[in-house]
file input.txt (compact mmCIF, C-alpha atoms)
# COMPACT_ATOMS: atom_id res chain seq x y z
CA MET T 1 20.08 -34.66 -29.92
CA ASP T 2 16.42 -35.07 -28.98
CA LYS T 3 15.41 -31.53 -28.10
CA SER T 4 12.03 -32.74 -26.86
CA ASN T 5 13.54 -34.88 -24.13
CA VAL T 6 10.10 -35.82 -22.89
CA LEU T 7 11.53 -37.93 -20.11
CA GLY T 8 13.67 -34.97 -19.04
CA GLN T 9 10.61 -32.76 -18.98
CA VAL T 10 8.78 -35.24 -16.77
CA VAL T 11 11.79 -35.41 -14.45
CA ALA T 12 11.88 -31.60 -14.36
CA GLN T 13 8.19 -31.59 -13.39
CA ARG T 14 8.96 -33.88 -10.46
CA GLU T 15 11.89 -31.73 -9.44
CA ARG T 16 9.69 -28.62 -9.40
CA ILE T 17 7.25 -30.42 -7.11
CA GLY T 18 10.08 -31.47 -4.83
CA ALA T 19 11.49 -27.95 -4.66
CA ARG T 20 8.07 -26.46 -3.91
CA LEU T 21 7.20 -29.01 -1.23
CA ALA T 22 10.57 -28.59 0.43
CA GLN T 23 9.01 -25.48 1.98
CA VAL T 24 6.09 -27.46 3.42
CA LYS T 25 6.42 -29.25 6.75
CA ARG T 26 3.38 -31.54 6.47
CA VAL T 27 1.08 -32.54 3.61
CA ILE T 28 -2.29 -34.00 4.61
CA ALA T 29 -4.78 -35.47 2.14
CA ILE T 30 -8.44 -35.39 3.19
CA MET T 31 -10.02 -38.30 1.36
CA SER T 32 -12.96 -40.65 1.21
CA GLY T 33 -14.09 -43.03 -1.45
CA LYS T 34 -17.60 -41.69 -0.89
CA GLY T 35 -19.00 -38.37 -2.06
CA GLY T 36 -21.12 -36.12 0.13
CA VAL T 37 -19.52 -37.02 3.44
CA GLY T 38 -18.22 -33.52 4.10
CA LYS T 39 -14.58 -33.74 3.04
CA SER T 40 -14.39 -30.19 1.75
CA ALA T 41 -16.13 -28.61 4.73
CA LEU T 42 -13.89 -30.61 7.06
CA THR T 43 -10.82 -29.52 5.09
CA ALA T 44 -11.84 -25.86 5.36
CA ASN T 45 -12.48 -26.15 9.08
CA LEU T 46 -9.30 -28.07 9.81
CA ALA T 47 -7.36 -25.46 7.85
CA ALA T 48 -8.96 -22.69 9.90
CA ALA T 49 -8.37 -24.56 13.17
CA LEU T 50 -4.68 -24.95 12.34
CA ALA T 51 -4.42 -21.31 11.25
CA LEU T 52 -5.98 -20.22 14.54
CA GLU T 53 -3.13 -22.04 16.27
CA GLY T 54 -0.75 -19.77 14.37
CA LYS T 55 0.20 -22.27 11.69
CA ALA T 56 0.82 -21.25 8.09
CA VAL T 57 -1.71 -23.25 6.08
CA GLY T 58 -2.42 -23.86 2.41
CA VAL T 59 -5.37 -25.68 0.87
CA LEU T 60 -5.10 -27.33 -2.52
CA ASP T 61 -8.47 -28.19 -3.98
CA ALA T 62 -7.82 -31.35 -5.99
CA ASP T 63 -11.50 -31.72 -6.86
CA ILE T 64 -11.26 -30.32 -10.38
CA HIS T 65 -14.95 -30.56 -11.29
CA GLY T 66 -16.41 -30.01 -7.82
CA ALA T 67 -14.08 -27.26 -6.68
CA SER T 68 -15.39 -25.63 -3.50
CA ALA T 69 -12.41 -24.74 -1.30
CA ALA T 70 -12.17 -21.15 -2.55
CA ALA T 71 -15.83 -20.55 -1.73
CA MET T 72 -15.64 -22.22 1.68
CA LEU T 73 -12.58 -20.16 2.65
CA GLY T 74 -13.87 -16.84 1.35
CA ALA T 75 -11.27 -16.68 -1.43
CA ARG T 76 -13.49 -16.53 -4.52
CA GLY T 77 -13.19 -13.67 -6.97
CA GLN T 78 -9.49 -12.99 -6.42
CA LYS T 79 -7.41 -12.78 -9.58
CA LEU T 80 -4.53 -15.19 -9.72
CA GLU T 81 -1.27 -13.48 -10.46
CA ILE T 82 1.72 -14.88 -12.32
CA THR T 83 5.09 -13.92 -10.93
CA SER T 84 8.60 -15.03 -11.75
CA ASP T 85 8.24 -17.86 -9.23
CA GLY T 86 4.82 -19.21 -10.13
CA VAL T 87 1.25 -18.23 -9.45
CA ARG T 88 0.31 -16.43 -6.25
CA PRO T 89 -2.49 -18.33 -4.51
CA ALA T 90 -5.69 -16.66 -3.40
CA ILE T 91 -5.79 -15.64 0.25
CA GLY T 92 -8.71 -16.90 2.30
CA VAL T 93 -9.79 -16.37 5.88
CA CYS T 94 -7.01 -16.56 8.47
CA ASP T 95 -4.52 -15.96 5.62
CA ILE T 96 -5.04 -19.50 4.34
CA ARG T 97 -3.47 -19.82 0.87
CA VAL T 98 -5.87 -21.40 -1.58
CA MET T 99 -5.48 -22.88 -5.04
CA SER T 100 -8.52 -24.26 -6.80
CA MET T 101 -9.86 -24.74 -10.30
CA ASP T 102 -12.68 -22.44 -9.23
CA LEU T 103 -10.19 -19.57 -9.46
CA PHE T 104 -9.57 -20.34 -13.15
CA LEU T 105 -13.20 -20.17 -14.19
CA PRO T 106 -14.58 -16.85 -15.37
CA ASP T 107 -18.05 -17.08 -13.83
CA ASP T 108 -20.47 -19.24 -11.87
CA ASP T 109 -22.07 -20.78 -14.96
CA THR T 110 -18.90 -22.03 -16.63
CA PRO T 111 -17.95 -25.64 -15.94
CA VAL T 112 -14.45 -27.01 -16.45
CA ARG T 113 -14.21 -27.85 -20.14
CA TRP T 114 -11.00 -29.05 -21.68
CA GLN T 115 -10.10 -28.26 -25.25
CA HIS T 116 -10.20 -31.18 -27.60
CA PRO T 117 -9.42 -31.31 -31.29
CA GLY T 118 -12.42 -30.98 -33.54
CA GLY T 119 -14.44 -34.14 -33.91
CA LEU T 120 -12.84 -35.87 -30.95
CA ALA T 121 -15.27 -34.90 -28.21
CA ALA T 122 -16.44 -38.48 -27.92
CA ASP T 123 -12.89 -39.62 -27.21
CA ALA T 124 -12.20 -37.04 -24.52
CA PHE T 125 -12.36 -39.70 -21.79
CA VAL T 126 -9.09 -41.10 -23.15
CA TRP T 127 -6.99 -38.14 -22.03
CA ARG T 128 -9.23 -36.41 -19.46
CA GLY T 129 -7.74 -38.34 -16.54
CA SER T 130 -4.23 -37.43 -17.63
CA LEU T 131 -5.16 -33.75 -18.05
CA GLU T 132 -6.70 -33.61 -14.60
CA ALA T 133 -3.82 -35.38 -12.91
CA ASN T 134 -1.52 -32.87 -14.53
CA ALA T 135 -3.72 -30.00 -13.40
CA VAL T 136 -3.22 -31.17 -9.80
CA ARG T 137 0.50 -31.46 -10.48
CA GLU T 138 0.60 -27.86 -11.66
CA PHE T 139 -1.38 -26.75 -8.61
CA ILE T 140 1.29 -28.30 -6.41
CA SER T 141 4.41 -27.27 -8.31
CA ASP T 142 3.44 -23.90 -9.78
CA THR T 143 1.68 -22.29 -6.83
CA GLU T 144 3.75 -19.92 -4.72
CA TRP T 145 2.87 -21.67 -1.50
CA GLY T 146 5.77 -20.19 0.39
CA ASP T 147 6.74 -21.63 3.76
CA LEU T 148 3.85 -23.70 5.09
CA ASP T 149 3.35 -25.70 8.25
CA TYR T 150 0.49 -27.59 6.60
CA LEU T 151 -0.69 -28.13 3.04
CA LEU T 152 -4.12 -29.76 3.04
CA LEU T 153 -5.24 -31.56 -0.11
CA ASP T 154 -9.00 -31.79 -0.55
CA LEU T 155 -9.40 -34.89 -2.71
CA PRO T 156 -12.46 -35.67 -4.84
CA PRO T 157 -14.49 -38.84 -4.20
CA GLY T 158 -13.17 -42.04 -5.71
CA ALA T 159 -11.08 -44.89 -4.38
CA ASP T 160 -8.26 -44.20 -6.83
CA ARG T 161 -7.77 -40.50 -6.07
CA PHE T 162 -5.24 -40.94 -3.33
CA ASP T 163 -3.04 -43.02 -5.58
CA THR T 164 -2.86 -40.19 -8.13
CA VAL T 165 -1.63 -37.59 -5.66
CA ALA T 166 0.56 -40.00 -3.68
CA ARG T 167 2.64 -40.54 -6.82
CA LEU T 168 3.20 -36.80 -6.97
CA VAL T 169 3.62 -36.16 -3.25
CA PRO T 170 5.77 -38.77 -1.51
CA GLN T 171 5.24 -36.95 1.82
CA LEU T 172 1.82 -38.63 1.91
CA GLN T 173 3.45 -42.00 2.33
CA ASN T 174 5.30 -41.18 5.50
CA LEU T 175 3.49 -40.28 8.72
CA SER T 176 6.39 -38.09 9.81
CA THR T 177 5.79 -35.79 6.84
CA GLY T 178 2.06 -36.18 6.28
CA GLY T 179 -0.53 -38.77 5.34
CA ALA T 180 -4.21 -39.23 4.75
CA VAL T 181 -7.27 -38.48 6.84
CA VAL T 182 -10.21 -40.61 5.78
CA VAL T 183 -13.74 -39.25 6.17
CA THR T 184 -16.86 -41.36 6.50
CA ILE T 185 -20.40 -41.02 7.76
CA PRO T 186 -21.99 -43.61 10.03
CA SER T 187 -23.82 -45.51 7.28
CA GLN T 188 -23.02 -49.02 6.16
CA VAL T 189 -22.93 -47.92 2.53
CA SER T 190 -20.34 -45.28 3.35
CA HIS T 191 -18.31 -47.79 5.33
CA LEU T 192 -18.34 -50.18 2.38
CA VAL T 193 -17.02 -47.55 -0.02
CA VAL T 194 -14.54 -46.11 2.47
CA ARG T 195 -13.20 -49.57 3.26
CA ARG T 196 -12.32 -50.00 -0.42
CA ALA T 197 -10.78 -46.53 -0.60
CA ILE T 198 -8.59 -47.35 2.39
CA ALA T 199 -7.50 -50.60 0.77
CA ALA T 200 -6.55 -48.64 -2.36
CA ALA T 201 -4.72 -46.08 -0.25
CA HIS T 202 -2.82 -48.87 1.52
CA GLU T 203 -1.76 -50.23 -1.86
CA ALA T 204 -0.54 -46.74 -2.77
CA GLY T 205 1.61 -46.75 0.35
CA ALA T 206 -0.47 -44.22 2.27
CA GLY T 207 0.47 -43.07 5.70
CA LEU T 208 -3.01 -43.28 7.24
CA ILE T 209 -3.35 -40.72 10.00
CA GLY T 210 -6.83 -41.85 10.91
CA LEU T 211 -10.56 -41.91 10.36
CA VAL T 212 -13.01 -39.08 10.95
CA GLU T 213 -16.68 -39.87 11.35
CA ASN T 214 -18.78 -36.97 10.11
CA MET T 215 -22.52 -36.41 10.69
CA ALA T 216 -22.37 -38.47 13.86
CA GLY T 217 -25.71 -37.35 15.27
CA TYR T 218 -27.19 -33.85 15.12
CA VAL T 219 -27.17 -30.96 17.53
CA ASN T 220 -29.85 -28.85 19.22
CA ALA T 221 -30.09 -25.06 19.29
CA THR T 222 -27.31 -24.84 21.86
CA GLY T 223 -24.93 -26.83 19.70
CA GLU T 224 -24.98 -30.00 21.80
CA VAL T 225 -25.73 -33.46 20.41
CA ALA T 226 -29.47 -34.14 20.53
CA GLY T 227 -30.04 -37.26 18.44
CA GLU T 228 -28.87 -39.58 15.73
CA LEU T 229 -28.91 -39.27 11.96
CA PHE T 230 -27.60 -42.79 11.49
CA PRO T 231 -27.23 -45.64 14.00
CA ALA T 232 -24.75 -44.23 16.49
CA GLY T 233 -21.41 -45.30 17.82
CA ARG T 234 -20.09 -46.90 14.70
CA GLY T 235 -17.10 -44.69 14.00
CA ALA T 236 -14.73 -46.01 16.64
CA ALA T 237 -15.73 -49.62 16.00
CA PHE T 238 -15.30 -49.21 12.25
CA ALA T 239 -11.90 -47.58 12.72
CA GLU T 240 -10.79 -50.47 14.93
CA GLU T 241 -12.14 -52.99 12.45
CA ILE T 242 -10.11 -51.56 9.60
CA GLY T 243 -7.04 -50.93 11.73
CA VAL T 244 -6.99 -47.14 11.51
CA PRO T 245 -6.91 -44.67 14.44
CA HIS T 246 -10.25 -43.03 15.17
CA LEU T 247 -9.53 -39.30 15.18
CA GLY T 248 -12.99 -38.20 16.21
CA SER T 249 -16.69 -37.96 15.42
CA ILE T 250 -18.33 -34.71 14.36
CA PRO T 251 -22.07 -34.16 14.85
CA PHE T 252 -24.07 -32.44 12.13
CA ASP T 253 -24.58 -28.80 13.03
CA PRO T 254 -26.75 -26.76 10.60
CA ARG T 255 -24.64 -23.70 11.38
CA LEU T 256 -21.66 -25.46 9.86
CA ALA T 257 -23.43 -25.66 6.51
CA HIS T 258 -24.59 -22.05 6.80
CA GLU T 259 -21.19 -20.63 7.70
CA THR T 260 -19.43 -22.73 5.08
CA ASP T 261 -21.79 -21.43 2.41
CA ASN T 262 -20.83 -17.91 3.45
CA GLY T 263 -17.12 -18.55 3.08
CA ARG T 264 -16.42 -18.53 6.79
CA PRO T 265 -15.36 -21.78 8.41
CA PHE T 266 -17.69 -22.74 11.24
CA ILE T 267 -14.82 -23.18 13.65
CA LEU T 268 -14.11 -19.44 13.69
CA GLU T 269 -17.23 -18.59 15.64
CA HIS T 270 -18.45 -21.89 17.06
CA ALA T 271 -15.34 -23.45 18.50
CA GLU T 272 -17.17 -24.11 21.77
CA SER T 273 -19.96 -26.19 20.19
CA ALA T 274 -19.87 -29.99 20.12
CA ALA T 275 -18.92 -29.98 16.42
CA GLY T 276 -16.36 -27.23 17.00
CA ARG T 277 -14.73 -29.09 19.87
CA ALA T 278 -14.55 -32.26 17.78
CA ILE T 279 -12.91 -30.43 14.86
CA LEU T 280 -10.36 -28.78 17.14
CA LYS T 281 -9.51 -32.13 18.69
CA ILE T 282 -9.03 -33.69 15.25
CA ALA T 283 -6.81 -30.78 14.19
CA GLU T 284 -4.56 -31.53 17.15
CA THR T 285 -3.86 -34.99 15.74
CA LEU T 286 -2.52 -33.67 12.43
CA MET H 1 10.53 -42.23 -29.62
CA LYS H 2 13.64 -42.36 -31.78
CA PHE H 3 14.26 -42.73 -35.48
CA VAL H 4 17.37 -44.34 -36.92
CA CYS H 5 18.78 -43.55 -40.35
CA GLN H 6 19.20 -46.98 -41.90
CA SER H 7 21.91 -45.81 -44.30
CA ASP H 8 24.18 -44.55 -41.55
CA ASN H 9 22.87 -46.46 -38.56
CA THR H 10 22.68 -43.12 -36.77
CA VAL H 11 20.02 -41.83 -34.40
CA MET H 12 18.23 -38.96 -36.09
CA GLU H 13 18.06 -35.60 -34.37
CA PHE H 14 14.97 -33.58 -33.65
CA VAL H 15 14.65 -30.58 -35.98
CA GLU H 16 11.29 -28.91 -35.46
CA THR H 17 7.66 -29.26 -34.54
CA VAL H 18 4.96 -27.68 -36.62
CA ASN H 19 1.45 -27.49 -35.22
CA ALA H 20 -1.44 -27.54 -37.64
CA GLU H 21 -3.51 -24.37 -37.47
CA ASN H 22 -6.50 -26.16 -36.00
CA GLY H 23 -4.32 -27.66 -33.28
CA GLY H 24 -5.51 -31.11 -34.20
CA SER H 25 -2.25 -32.49 -35.51
CA MET H 26 1.42 -31.69 -35.58
CA SER H 27 4.40 -32.76 -37.63
CA ILE H 28 7.67 -33.55 -35.92
CA THR H 29 10.76 -33.57 -38.13
CA PHE H 30 13.94 -35.50 -37.47
CA GLN H 31 17.13 -35.45 -39.53
CA CYS H 32 20.13 -37.70 -39.85
CA PRO H 33 23.18 -35.71 -38.71
CA THR H 34 25.41 -37.69 -41.03
CA CYS H 35 23.68 -37.80 -44.41
CA GLY H 36 21.05 -35.13 -43.89
CA ARG H 37 18.08 -37.33 -44.72
CA ALA H 38 14.95 -36.13 -42.97
CA VAL H 39 11.77 -37.80 -41.86
CA ALA H 40 8.59 -36.22 -40.50
CA MET H 41 6.10 -37.91 -38.23
CA VAL H 42 2.56 -36.55 -38.31
CA THR H 43 0.41 -37.13 -35.25
CA ASN H 44 -3.32 -37.39 -35.48
CA ALA H 45 -5.60 -35.26 -33.33
CA GLY H 46 -5.92 -37.84 -30.57
CA GLU H 47 -2.19 -38.38 -30.32
CA THR H 48 -1.61 -34.62 -30.18
CA GLN H 49 -4.07 -34.27 -27.36
CA MET H 50 -2.47 -37.14 -25.45
CA VAL H 51 0.91 -35.39 -25.58
CA ARG H 52 -0.66 -32.14 -24.43
CA SER H 53 -2.34 -33.89 -21.48
CA LEU H 54 1.06 -34.96 -20.17
CA GLY H 55 2.07 -31.35 -19.72
CA VAL H 56 5.16 -31.77 -21.90
CA THR H 57 6.16 -29.97 -25.09
CA ILE H 58 7.45 -31.69 -28.21
CA GLY H 59 10.55 -29.78 -29.19
CA GLY H 60 11.26 -28.95 -25.60
CA ALA H 61 10.45 -25.99 -23.40
CA ALA H 62 13.35 -24.46 -21.52
CA SER H 63 11.19 -23.03 -18.78
CA PRO H 64 7.46 -23.63 -19.03
CA GLU H 65 5.10 -20.89 -17.92
CA PRO H 66 3.43 -21.51 -14.55
CA MET H 67 0.20 -23.50 -14.88
CA ALA H 68 0.86 -23.66 -18.62
CA MET H 69 -1.11 -26.83 -19.17
CA ILE H 70 -4.19 -25.62 -17.30
CA ARG H 71 -4.19 -22.21 -18.94
CA SER H 72 -3.74 -23.57 -22.43
CA ALA H 73 -6.09 -26.51 -22.14
CA LEU H 74 -9.17 -24.87 -20.67
CA SER H 75 -11.66 -24.56 -23.46
CA GLY H 76 -13.48 -21.45 -24.62
CA GLN H 77 -12.69 -19.39 -21.57
CA GLU H 78 -10.05 -16.95 -20.57
CA ALA H 79 -8.75 -17.83 -17.15
CA PRO H 80 -8.78 -14.84 -14.78
CA VAL H 81 -5.01 -14.86 -14.45
CA GLN H 82 -2.83 -11.78 -14.77
CA THR H 83 0.87 -11.14 -14.89
CA SER H 84 2.49 -9.43 -11.94
CA ALA H 85 1.51 -5.77 -11.78
CA GLY H 86 4.61 -4.56 -9.97
CA PRO H 87 6.04 -4.41 -6.46
CA GLU H 88 3.96 -4.51 -3.31
CA PRO H 89 2.78 -1.04 -2.30
CA VAL H 90 3.68 0.39 1.09
CA TRP H 91 0.95 0.75 3.71
CA SER H 92 0.70 4.08 5.51
CA GLU H 93 0.26 4.09 9.29
CA ALA H 94 -3.28 5.40 8.94
CA ALA H 95 -4.17 2.69 6.43
CA LEU H 96 -2.78 -0.01 8.71
CA LYS H 97 -4.83 1.38 11.57
CA ARG H 98 -7.96 1.19 9.44
CA LEU H 99 -7.08 -2.36 8.38
CA ALA H 100 -6.65 -3.35 12.02
CA ALA H 101 -10.27 -2.44 12.68
CA ALA H 102 -11.40 -5.42 10.56
CA PRO H 103 -11.81 -8.87 12.21
CA THR H 104 -8.43 -10.55 12.49
CA PHE H 105 -9.36 -13.58 10.44
CA VAL H 106 -10.21 -11.51 7.34
CA GLN H 107 -7.38 -8.98 7.51
CA GLY H 108 -5.12 -10.98 5.19
CA MET H 109 -7.83 -11.18 2.54
CA ILE H 110 -8.61 -7.49 2.78
CA ARG H 111 -4.94 -6.60 2.63
CA ARG H 112 -4.57 -8.65 -0.54
CA ILE H 113 -7.60 -7.01 -2.19
CA TYR H 114 -6.34 -3.49 -1.47
CA SER H 115 -2.78 -4.35 -2.51
CA ASP H 116 -3.97 -5.80 -5.82
CA TYR H 117 -6.10 -2.74 -6.45
CA ALA H 118 -3.25 -0.33 -5.67
CA ARG H 119 -0.79 -2.17 -7.90
CA GLN H 120 -3.24 -2.27 -10.80
CA LYS H 121 -3.71 1.49 -10.40
CA GLY H 122 0.03 2.10 -10.10
CA TYR H 123 -0.18 3.42 -6.53
CA THR H 124 2.98 2.89 -4.52
CA GLU H 125 1.38 3.65 -1.16
CA ILE H 126 -1.92 2.58 0.31
CA THR H 127 -3.59 5.33 2.27
CA PRO H 128 -7.12 5.59 3.71
CA ALA H 129 -8.04 7.55 0.57
CA VAL H 130 -6.87 4.68 -1.66
CA MET H 131 -8.82 2.24 0.53
CA SER H 132 -11.95 4.31 0.15
CA GLU H 133 -11.46 4.56 -3.59
CA ALA H 134 -10.99 0.79 -3.85
CA ARG H 135 -13.99 0.14 -1.66
CA ASP H 136 -16.20 2.32 -3.85
CA THR H 137 -14.78 1.00 -7.13
CA LEU H 138 -14.96 -2.66 -6.16
CA GLY H 139 -18.32 -2.33 -4.45
CA MET H 140 -17.06 -3.63 -1.11
CA THR H 141 -18.96 -2.84 2.05
CA GLY H 142 -17.83 -2.76 5.66
CA MET H 143 -14.09 -2.50 4.84
call {"tool": "encode", "arguments": {"input": "input.txt", "output": "structure tokens"}}
result
Amino acid sequence: MDKSNVLGQVVAQRERIGARLAQVKRVIAIMSGKGGVGKSALTANLAAALALEGKAVGVLDADIHGASAAAMLGARGQKLEITSDGVRPAIGVCDIRVMSMDLFLPDDDTPVRWQHPGGLAADAFVWRGSLEANAVREFISDTEWGDLDYLLLDLPPGADRFDTVARLVPQLQNLSTGGAVVVTIPSQVSHLVVRRAIAAAHEAGAGLIGLVENMAGYVNATGEVAGELFPAGRGAAFAEEIGVPHLGSIPFDPRLAHETDNGRPFILEHAESAAGRAILKIAETL
Amino acid sequence: MKFVCQSDNTVMEFVETVNAENGGSMSITFQCPTCGRAVAMVTNAGETQMVRSLGVTIGGAASPEPMAMIRSALSGQEAPVQTSAGPEPVWSEAALKRLAAAPTFVQGMIRRIYSDYARQKGYTEITPAVMSEARDTLGMTGM
């Protein structure tokens, strides 16, 4: 008898994911091929908006090397605790349950470094992708998420990232159980990269909920749109061009950056601003 | 991967895995159940790491520890993870009243911080005195 039963272990991993996600009504991936478009801040604010509606929300930070969800949701510094059922997630604002690689790092100066056998540092790229995909798998299956209305996945940049999680989370392929929200900014370069990410997501069988245009103009001191950062009005046209619903456009509000840095989603105190209203409207579509 | 004993045309059975002390290689022994002949496969460091990255264990693991791969594969750092420190403490009426004075959206976080502190200290009930002690010990303000 093969005691290793590697295939059996892989099947058991999948079964643990299935059992854990059976307690989750909807799984939403926030993605973009492009970096720096505001995926993580949008994830934090959508999570808070849903929690304010009384929903039970979890946020899984799938950005292993750029983990920021714990900081944005005020959940840094909490010790993770192992129980008989898994690992208790950190609790952020509005009782949002958070799991992030940030919570596994001992201090602010320590990056994620994976062990590698002596002398093989140069070959680390060979297995790094597999390690990190499995880290996300463990985040999903081994976190005590409990009963959730929404589990939001904050994906790192890269056109292939959706494919990795979609293979673990079949709910992302069916709009009745979840799907992907794609984030862009109104620049042609962003549109180019996002277009490719959407094509990759289509190939992975994504249920595409829609497109969010971030940094669509900037606001004045009263929180109302005052001007453009990029040529305006592209979001809806781009969404139509690529055949994806346009969920909304969010203007850049400096207070959003400030509040996010302080671990308090902007939406909590600025729901009446132009950016706040846009985020709330997008949350309604999830 | 399977090995077949050519004398008996029988699939060999897994016997044991031995990890080298430096973690760079491991030997995996199989034995023919019929004639008892054994064979050991030795993986090189890269192959060992590839197996580890899959989150599986050669030799089998009946019930893997939660987040086992992450916790074992992070290099040169002890992850701030602890085992459960006991049952949830009970909140006194006065402590709940004090908790309710905090903004609603942070009450869950504060509750968790005080609960963790009480369990680590072995307190079964959270009272305003325990909250004050935790606040002073942990250096929290405004709670």
call {"tool": "closest_residue", "arguments": {"input": "input.txt", "among": "H:Ile28, H:Met69, H:Met41, H:Met131", "to": "chain T", "atoms": "all atoms listed in the file"}}
result
H:Met69
call {"tool": "atom_distance", "arguments": {"input": "input.txt", "atom1": "CA of Tyr218 (chain T)", "atom2": "CA of Met72 (chain T)"}}
result
21.2 Å
call {"tool": "closest_atom_pairs", "arguments": {"input": "input.txt", "of": "chain T", "to": "chain H", "cutoff": "6 Å", "atoms": "only C-alpha atoms", "output": "JSON lines"}}
result
{"residue": "T:Met1", "atom": "CA", "partner": "H:Glu13", "partner_atom": "CA", "distance": 5.0}
{"residue": "T:Asp2", "atom": "CA", "partner": "H:Phe14", "partner_atom": "CA", "distance": 5.1}
{"residue": "T:Lys3", "atom": "CA", "partner": "H:Gly59", "partner_atom": "CA", "distance": 5.3}
{"residue": "T:Ser4", "atom": "CA", "partner": "H:Gly59", "partner_atom": "CA", "distance": 4.0}
{"residue": "T:Lys79", "atom": "CA", "partner": "H:Pro80", "partner_atom": "CA", "distance": 5.8}
{"residue": "T:Leu80", "atom": "CA", "partner": "H:Val81", "partner_atom": "CA", "distance": 4.8}
{"residue": "T:Glu81", "atom": "CA", "partner": "H:Gln82", "partner_atom": "CA", "distance": 4.9}
{"residue": "T:Ile82", "atom": "CA", "partner": "H:Thr83", "partner_atom": "CA", "distance": 4.6}
{"residue": "T:Thr83", "atom": "CA", "partner": "H:Ser84", "partner_atom": "CA", "distance": 5.3}
{"residue": "T:Gly86", "atom": "CA", "partner": "H:Pro66", "partner_atom": "CA", "distance": 5.2}
{"residue": "T:Ile91", "atom": "CA", "partner": "H:Met109", "partner_atom": "CA", "distance": 5.4}
{"residue": "T:Gly92", "atom": "CA", "partner": "H:Met109", "partner_atom": "CA", "distance": 5.8}
{"residue": "T:Val93", "atom": "CA", "partner": "H:Val106", "partner_atom": "CA", "distance": 5.1}
{"residue": "T:Cys94", "atom": "CA", "partner": "H:Phe105", "partner_atom": "CA", "distance": 4.3}
{"residue": "T:Asp95", "atom": "CA", "partner": "H:Gly108", "partner_atom": "CA", "distance": 5.0}
{"residue": "T:Phe104", "atom": "CA", "partner": "H:Ala79", "partner_atom": "CA", "distance": 4.8}
{"residue": "T:Leu105", "atom": "CA", "partner": "H:Ala79", "partner_atom": "CA", "distance": 5.8}
{"residue": "T:Arg113", "atom": "CA", "partner": "H:Ser75", "partner_atom": "CA", "distance": 5.3}
{"residue": "T:Trp114", "atom": "CA", "partner": "H:Leu74", "partner_atom": "CA", "distance": 4.7}
{"residue": "T:Gln115", "atom": "CA", "partner": "H:Ser75", "partner_atom": "CA", "distance": 4.4}
{"residue": "T:Pro117", "atom": "CA", "partner": "H:Gly24", "partner_atom": "CA", "distance": 4.9}
{"residue": "T:Trp127", "atom": "CA", "partner": "H:Met50", "partner_atom": "CA", "distance": 5.8}
{"residue": "T:Ser130", "atom": "CA", "partner": "H:Ser53", "partner_atom": "CA", "distance": 5.6}
{"residue": "T:Leu131", "atom": "CA", "partner": "H:Ser53", "partner_atom": "CA", "distance": 4.4}
{"residue": "T:Ala135", "atom": "CA", "partner": "H:Ile70", "partner_atom": "CA", "distance": 5.9}
{"residue": "T:Glu138", "atom": "CA", "partner": "H:Met67", "partner_atom": "CA", "distance": 5.4}
{"residue": "T:Asp142", "atom": "CA", "partner": "H:Pro66", "partner_atom": "CA", "distance": 5.3}
call {"tool": "atom_distance", "arguments": {"input": "input.txt", "atom1": "CA of Asn214 (chain T)", "atom2": "CA of Val98 (chain T)"}}
result
23.4 Å
call {"tool": "residues_around", "arguments": {"input": "input.txt", "residues": "Ala197 (chain T)", "least_positions_apart": "4", "cutoff": "7 Å", "atoms": "only C-alpha atoms", "output": "list of chain:residue names"}}
result
T:Ser32, T:Gly33, T:Ala159, T:Val193, T:Ala201
call {"tool": "residues_near_point", "arguments": {"input": "input.txt", "point": "(-20.3, -37.0, 0.0)", "cutoff": "12 Å", "atoms": "all atoms listed in the file", "output": "PyMOL selection string"}}
result
chain T and resi 31-42+66+155-158+183-185+187+189-190+193-194+214-215
